[in-house]
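Asker: Following this message is one structure expressed as structure tokens.
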Amino acid sequence: MTDRKPIPYGRQHISAEDIEEVVAALKSDFLTQGPRIAAFEKAFSAYIGASYAVAVANGTAALHLSALALKVCSGQKVITTPITFAASANCIKYCGGEVVFADIDPQTYLLDIEKVRKLLQASPDGTYAGIIPVDFTGLPINMEAFRELADEYGLWIIEDSCHAPGGYFVDSKGNRQICGNGNFSDLAIFSFHPVKHIACGEGGMITTNDRQLYERLLTLRTHGITRSQESFVNDMSWASGNAAGPATAYPGWYMEMQELGYNYRLTDFQAALGISQLKRADAGLVRRKEIALAYCRAFEGCPWLKGQSGLTAGHAYHLYVVEVDDRLGLYNHLKNNNIFPQVHYIPTHLMPYYRQQGYSPGDYPAAEEFYSHCLSLPMYPTLTDAEQDYVIQTIYSYYNG
Ligand SMILES: Cc1ncc(COP(=O)(O)O)c(C=O)c1O
């Protein structure tokens, strides 16, 4: 064991300005939802290029609310990738739906559109309700292609962009399409967990260009309660208490719970941190790309390592994932040298919960092959050149002795 500072695979960066903004929020009148929520939503939707954004408690809540807003219910089937955090699939189970996985593309590690197409072709129309593609590692999935396929079968799309704020792909017309901008997906979701590009402690966001879905999400985020007079259902005089006779307006206190929602609110001080972090998001992307480029160069031509094919312009590089020979040996060697890589992900279909639903080894060979070799190397904007050199040298020392 060395006495070097530990190097994790990912970490947050909290600046003096972030702290000042959070302290200002704590000193204000608002602890739970206050003016910083709307300000964060406005800044985030502008950054992504979507019309609307809804801030929520975490990325999992964002997925759950999205599935609810799209009316996922018992018996409905939804397709997603096995190589993602379990929450991408679990949101369907929360609503009583059924998760169907489709295998990954072994080059990109993303949900393979051809595998999704095969599933759809093999089933009667109406079998599937939607698709949840994931911009895994920060590599933007081609949403234009998924939209075309989804439209053919009348499906909705939730883009899980937790790894890719600021990432983009280039569409068939040569335009940059920023992940989650809502041009191709119905809803997109983000997480502000500390290892993500923007950290709020816990936090999440849903983006969309659909006004109706946006309004539904606002109500679902807070118990299914609405304070909007135009949508009240109960009689105005009854709401006022009847005693004073027929009423001409709803009383000031009045609100209605019109459907079953949740408390998935973000707090104002978390939003203060998010707003402050968002200002550095582009600088973070630039640094992440530099780090990726240095890894690409360092490992070019190595027979014991392969990665996502080359450096991609719109990649948001949340993770730098490689496939290596003897992954366990390398992992232990790095740990012994105070470097802490991680594995993203254990295939969701082989988690005991999903095995109980009928999935078993061999179901998704590309995902399982990827899992047996994948390792996420340190990737975060404050990783120094010297630290990265040390990581690279330590990897070389394992294979070359
Ligand atoms: C791809 C993906 N989806 C969903 C989530 C869930 O986000 P959260 O941890 O904020 O609930 C994560 C976070 O780890 C994620 O990486």
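Residues are named by chain letter and number: chains run A, B, ... in the order of the structure tokens, numbers start at 1 in each chain, and ligands are numbered from 1 in the order shown.
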Mind checking which residues fall within 9 Å of Ala61 in chain A, counting only C-alpha atoms, ignoring those fewer than 6 positions away in the same chain, and posting them as a PyMOL selection string?
Answerer: chain A and resi 91+203-205+221+264
Asker: Please produce a file of the residues just selected, as an mmCIF file, in the first residue's frame, where the atoms kept are all heavy atoms.
Answerer:
```cif
data_model
loop_
_atom_site.group_PDB
_atom_site.id
_atom_site.type_symbol
_atom_site.label_atom_id
_atom_site.label_comp_id
_atom_site.auth_asym_id
_atom_site.auth_seq_id
_atom_site.Cartn_x
_atom_site.Cartn_y
_atom_site.Cartn_z
ATOM 1 N N CYS A 91 -37.912 1.624 -12.429
ATOM 2 C CA CYS A 91 -39.028 2.576 -12.504
ATOM 3 C C CYS A 91 -40.259 1.931 -13.143
ATOM 4 O O CYS A 91 -41.396 2.305 -12.830
ATOM 5 C CB CYS A 91 -38.607 3.840 -13.258
ATOM 6 S SG CYS A 91 -38.147 3.553 -14.977
ATOM 7 N N GLY A 203 -30.186 14.548 -6.084
ATOM 8 C CA GLY A 203 -30.967 15.466 -6.914
ATOM 9 C C GLY A 203 -31.192 14.870 -8.281
ATOM 10 O O GLY A 203 -30.470 13.960 -8.696
ATOM 11 N N GLY A 204 -32.214 15.357 -8.963
ATOM 12 C CA GLY A 204 -32.497 14.868 -10.307
ATOM 13 C C GLY A 204 -33.268 15.916 -11.093
ATOM 14 O O GLY A 204 -33.727 16.927 -10.525
ATOM 15 N N MET A 205 -33.413 15.677 -12.386
ATOM 16 C CA MET A 205 -34.141 16.619 -13.250
ATOM 17 C C MET A 205 -34.802 15.821 -14.364
ATOM 18 O O MET A 205 -34.244 14.824 -14.839
ATOM 19 C CB MET A 205 -33.154 17.636 -13.831
ATOM 20 C CG MET A 205 -33.782 18.838 -14.473
ATOM 21 S SD MET A 205 -34.486 20.028 -13.292
ATOM 22 C CE MET A 205 -33.064 20.991 -12.806
ATOM 23 N N ARG A 221 -44.921 15.414 -8.601
ATOM 24 C CA ARG A 221 -43.760 15.654 -7.726
ATOM 25 C C ARG A 221 -44.200 16.021 -6.316
ATOM 26 O O ARG A 221 -43.492 15.801 -5.350
ATOM 27 C CB ARG A 221 -42.930 16.807 -8.317
ATOM 28 C CG ARG A 221 -41.879 17.368 -7.398
ATOM 29 C CD ARG A 221 -41.024 18.397 -8.080
ATOM 30 N NE ARG A 221 -41.688 19.683 -8.268
ATOM 31 C CZ ARG A 221 -41.099 20.731 -8.850
ATOM 32 N NH1 ARG A 221 -39.874 20.633 -9.318
ATOM 33 N NH2 ARG A 221 -41.752 21.871 -8.980
ATOM 34 N N TYR A 264 -41.389 14.154 -4.001
ATOM 35 C CA TYR A 264 -40.106 13.971 -4.685
ATOM 36 C C TYR A 264 -39.445 15.321 -4.905
ATOM 37 O O TYR A 264 -38.785 15.552 -5.908
ATOM 38 C CB TYR A 264 -40.317 13.264 -6.014
ATOM 39 C CG TYR A 264 -40.441 11.749 -5.925
ATOM 40 C CD1 TYR A 264 -40.974 11.026 -6.980
ATOM 41 C CD2 TYR A 264 -40.010 11.050 -4.803
ATOM 42 C CE1 TYR A 264 -41.069 9.643 -6.933
ATOM 43 C CE2 TYR A 264 -40.117 9.658 -4.744
ATOM 44 C CZ TYR A 264 -40.643 8.965 -5.806
ATOM 45 O OH TYR A 264 -40.732 7.591 -5.760
#
```
Asker: Just list the residues in range 16-188 of chain A DSSP gives strand (DSSP E or B) on the backbone, as an MDAnalysis selection string.
Answerer: chainID A and resid 52:56 77:80 98:101 104 111 128:132 134 156:160 168:170 176:178 187:188
Asker: Those residues you just picked out, can you put them in a file as a short mmCIF file (atom, residue, chain, number, x, y, z; two decimals), in the first residue's frame with C-alpha atoms?
Answerer:
```cif
data_model
loop_
_atom_site.label_atom_id
_atom_site.label_comp_id
_atom_site.auth_asym_id
_atom_site.auth_seq_id
_atom_site.Cartn_x
_atom_site.Cartn_y
_atom_site.Cartn_z
CA TYR A 52 -39.28 22.53 -19.64
CA ALA A 53 -37.41 21.07 -16.68
CA VAL A 54 -38.72 19.66 -13.39
CA ALA A 55 -36.29 19.36 -10.47
CA VAL A 56 -36.78 16.31 -8.26
CA LYS A 77 -43.84 -4.03 -21.28
CA VAL A 78 -40.95 -1.59 -21.56
CA ILE A 79 -37.55 -2.22 -23.17
CA THR A 80 -34.21 -1.11 -21.69
CA GLU A 98 -42.75 -5.53 -17.02
CA VAL A 99 -39.09 -4.92 -17.89
CA VAL A 100 -37.77 -6.53 -21.07
CA PHE A 101 -34.06 -6.17 -21.72
CA ILE A 104 -25.98 -3.99 -26.00
CA LEU A 111 -28.65 -0.45 -26.13
CA TYR A 128 -44.60 -2.78 -25.79
CA ALA A 129 -45.38 0.67 -24.38
CA GLY A 130 -41.99 2.36 -24.43
CA ILE A 131 -38.19 2.26 -24.57
CA ILE A 132 -35.65 3.58 -22.05
CA VAL A 134 -29.37 5.12 -21.68
CA TRP A 156 -42.81 6.55 -25.97
CA ILE A 157 -39.14 7.15 -25.08
CA ILE A 158 -37.57 8.11 -21.77
CA GLU A 159 -33.92 8.98 -22.37
CA ASP A 160 -31.82 8.17 -19.30
CA TYR A 168 -24.57 15.50 -27.95
CA PHE A 169 -24.88 13.45 -31.12
CA VAL A 170 -25.03 14.76 -34.67
CA ARG A 176 -25.98 18.82 -32.84
CA GLN A 177 -28.65 17.24 -30.63
CA ILE A 178 -27.88 17.73 -26.96
CA LEU A 187 -38.94 12.77 -21.43
CA ALA A 188 -35.29 12.72 -20.41
#
```
Asker: List as a PyMOL selection string the protein and nucleic acid residues lying within 7 Å of ligand 1, with only C-alpha atoms and all ligand atoms counted.
Answerer: chain A and resi 58-61+84-85+87-88+134+136+160-163+191-193+202-204
Asker: Identify which of the residues A:Leu68, A:Met379, A:Leu26, A:Cys374 lies closest to Leu217 in chain A, counting only C-alpha atoms when measuring atom-to-atom distances.
Answerer: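 That would be A:Leu68, the residue with the smallest distance to Leu217 in chain A.
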Asker: Per DSSP on the backbone, filter range 292-376 of chain A down to the residues in alpha helix (DSSP H) and report them as a list in words.
Answerer: Ala292, Leu293, Ala294, Tyr295, Cys296, Arg297, Ala298, Phe299, Arg327, Leu328, Gly329, Leu330, Tyr331, Asn332, His333, Leu334, Lys335, Asn336, Pro352, Tyr353, Tyr354, Arg355, Pro365, Ala366, Ala367, Glu368, Glu369, Phe370 and Tyr371 of chain A
Asker: Can you tell me, as an NGL selection string, what residues are no more than 10 Å from Leu383 in chain A when counting only C-alpha atoms, ignoring any on the same chain fewer than 3 positions away?
Answerer: :A and (7-11 or 287-288 or 291 or 378-380 or 386-388)
Asker: So which one's closest to Leu285 in chain A, A:Phe40, A:Phe370, A:Tyr254, A:Tyr317? Using only C-alpha atoms, please.
Answerer: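 Comparing A:Phe40, A:Phe370, A:Tyr254, A:Tyr317 against Leu285 in chain A, the winner is A:Tyr317.
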Asker: Within 8 Å of range 398-401 of chain A, counting only C-alpha atoms, which residues show up once you throw out same-chain ones fewer than 5 positions away? Write them as a ChimeraX atom specification, please.
Answerer: /A:304,330,333
Asker: Next, dump the selected residues to file, keeping only N, CA and C atoms, as a compact mmCIF listing (two decimals), in the first residue's frame.
Answerer:
```
# COMPACT_ATOMS: atom_id res chain seq x y z
N TRP A 304 -3.78 -5.85 -24.21
CA TRP A 304 -4.56 -6.32 -23.05
C TRP A 304 -5.71 -5.36 -22.68
N LEU A 330 -6.10 -6.87 -12.20
CA LEU A 330 -5.78 -5.44 -12.36
C LEU A 330 -6.48 -4.62 -11.28
N HIS A 333 -4.64 -4.99 -8.07
CA HIS A 333 -3.34 -4.31 -8.18
C HIS A 333 -3.54 -2.79 -8.01
```
Asker: Neighbouring residues of His344 in chain A were defined as those with any atom within 12 Å, considering only C-alpha atoms; residues of the same chain fewer than 3 positions away were excluded. Please report them as a list in words.
Answerer: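 The neighbour list is Tyr9, Pro82, Ile83, Thr84, Phe85, Ala86, Tyr109, Phe136, Thr137, His163, His318, Leu319, Tyr320, Val321, Val322, Glu323, Pro341, Pro347, Thr348, Ala367, Glu368, Phe370, Tyr371, Ser372, His373, Cys374, Leu375, Ser376 and Leu377 of chain A.
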Asker: Could you tell me how far CA of Gly34 in chain A lies from CA of Asp268 in chain A, in Å and to one decimal?
Answerer: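 Straight-line distance from CA of Gly34 in chain A to CA of Asp268 in chain A works out to 5.5 Å.
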Asker: One decimal, Å: what's the distance from CA of Ser66 in chain A over to CA of Gln121 in chain A, could you say?
Answerer: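 These atoms are spaced 25.7 Å apart.
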Asker: Would you mind listing what lies within 12 Å of Lys27 in chain A as a VMD selection string, with only C-alpha atoms counted and same-chain residues fewer than 6 positions away left out?
Answerer: chain A and resid 20 to 21 268 to 269 272
Asker: Looking at A:Ala316, A:Met255, A:Leu149, A:Ile37, which one is nearest to Ala283 in chain A, with distances taken over only C-alpha atoms?
Answerer: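 Among the listed residues, the smallest separation from Ala283 in chain A belongs to A:Ala316.
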Asker: Between CA of Leu311 in chain A and CA of Ser45 in chain A, measure the distance and give it in Å to one decimal.
Answerer: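 Pair CA of Leu311 in chain A / CA of Ser45 in chain A returns 26.9 Å.
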Asker: Would you list the contacts of Leu334 in chain A as a compact mmCIF listing (two decimals) with all heavy atoms, in the first residue's frame, taking every protein, DNA or RNA residue within 8 Å and counting only C-alpha atoms, but skipping same-chain residues closer than 4 positions in sequence?
Answerer:
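Here's the written file out_23.txt:
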```txt
# COMPACT_ATOMS: atom_id res chain seq x y z
N LEU A 330 -6.10 -6.87 -12.20
CA LEU A 330 -5.78 -5.44 -12.36
C LEU A 330 -6.48 -4.62 -11.28
O LEU A 330 -5.88 -3.72 -10.67
CB LEU A 330 -6.19 -4.95 -13.75
CG LEU A 330 -6.00 -3.45 -13.97
CD1 LEU A 330 -4.52 -3.06 -13.87
CD2 LEU A 330 -6.57 -3.01 -15.33
N ASN A 338 -3.62 2.23 -4.07
CA ASN A 338 -4.47 3.36 -3.70
C ASN A 338 -5.24 4.00 -4.86
O ASN A 338 -5.56 5.18 -4.84
CB ASN A 338 -3.66 4.44 -2.97
CG ASN A 338 -4.11 4.57 -1.53
OD1 ASN A 338 -5.11 3.94 -1.13
ND2 ASN A 338 -3.41 5.38 -0.76
N ILE A 339 -5.54 3.18 -5.86
CA ILE A 339 -6.38 3.63 -6.98
C ILE A 339 -7.64 2.76 -6.94
O ILE A 339 -7.55 1.54 -6.82
CB ILE A 339 -5.64 3.43 -8.32
CG1 ILE A 339 -4.35 4.25 -8.34
CG2 ILE A 339 -6.54 3.80 -9.51
CD1 ILE A 339 -3.39 3.88 -9.45
N PHE A 340 -8.80 3.41 -7.00
CA PHE A 340 -10.06 2.68 -6.77
C PHE A 340 -10.97 2.75 -7.99
O PHE A 340 -11.85 3.59 -8.06
CB PHE A 340 -10.74 3.21 -5.51
CG PHE A 340 -9.90 2.97 -4.29
CD1 PHE A 340 -8.94 3.90 -3.88
CD2 PHE A 340 -10.00 1.78 -3.58
CE1 PHE A 340 -8.12 3.66 -2.78
CE2 PHE A 340 -9.19 1.53 -2.49
CZ PHE A 340 -8.24 2.46 -2.08
N PRO A 341 -10.72 1.85 -8.96
CA PRO A 341 -11.61 1.80 -10.12
C PRO A 341 -12.95 1.19 -9.71
O PRO A 341 -13.13 0.81 -8.54
CB PRO A 341 -10.87 0.91 -11.10
CG PRO A 341 -10.07 0.00 -10.24
CD PRO A 341 -9.75 0.76 -8.98
N VAL A 391 -1.90 6.60 -12.53
CA VAL A 391 -2.87 5.54 -12.85
C VAL A 391 -2.38 4.75 -14.07
O VAL A 391 -2.34 3.51 -14.05
CB VAL A 391 -4.28 6.14 -13.13
CG1 VAL A 391 -5.24 5.06 -13.65
CG2 VAL A 391 -4.84 6.81 -11.88
N THR A 394 0.67 2.64 -13.29
CA THR A 394 0.33 1.50 -12.42
C THR A 394 -0.35 0.40 -13.25
O THR A 394 -0.13 -0.80 -13.00
CB THR A 394 -0.56 1.96 -11.24
OG1 THR A 394 0.03 3.11 -10.67
CG2 THR A 394 -0.69 0.88 -10.17
N ILE A 395 -1.16 0.80 -14.22
CA ILE A 395 -1.79 -0.20 -15.10
C ILE A 395 -0.70 -0.90 -15.93
O ILE A 395 -0.67 -2.13 -16.02
CB ILE A 395 -2.86 0.46 -16.01
CG1 ILE A 395 -4.03 0.94 -15.16
CG2 ILE A 395 -3.34 -0.53 -17.09
CD1 ILE A 395 -5.07 1.77 -15.90
```
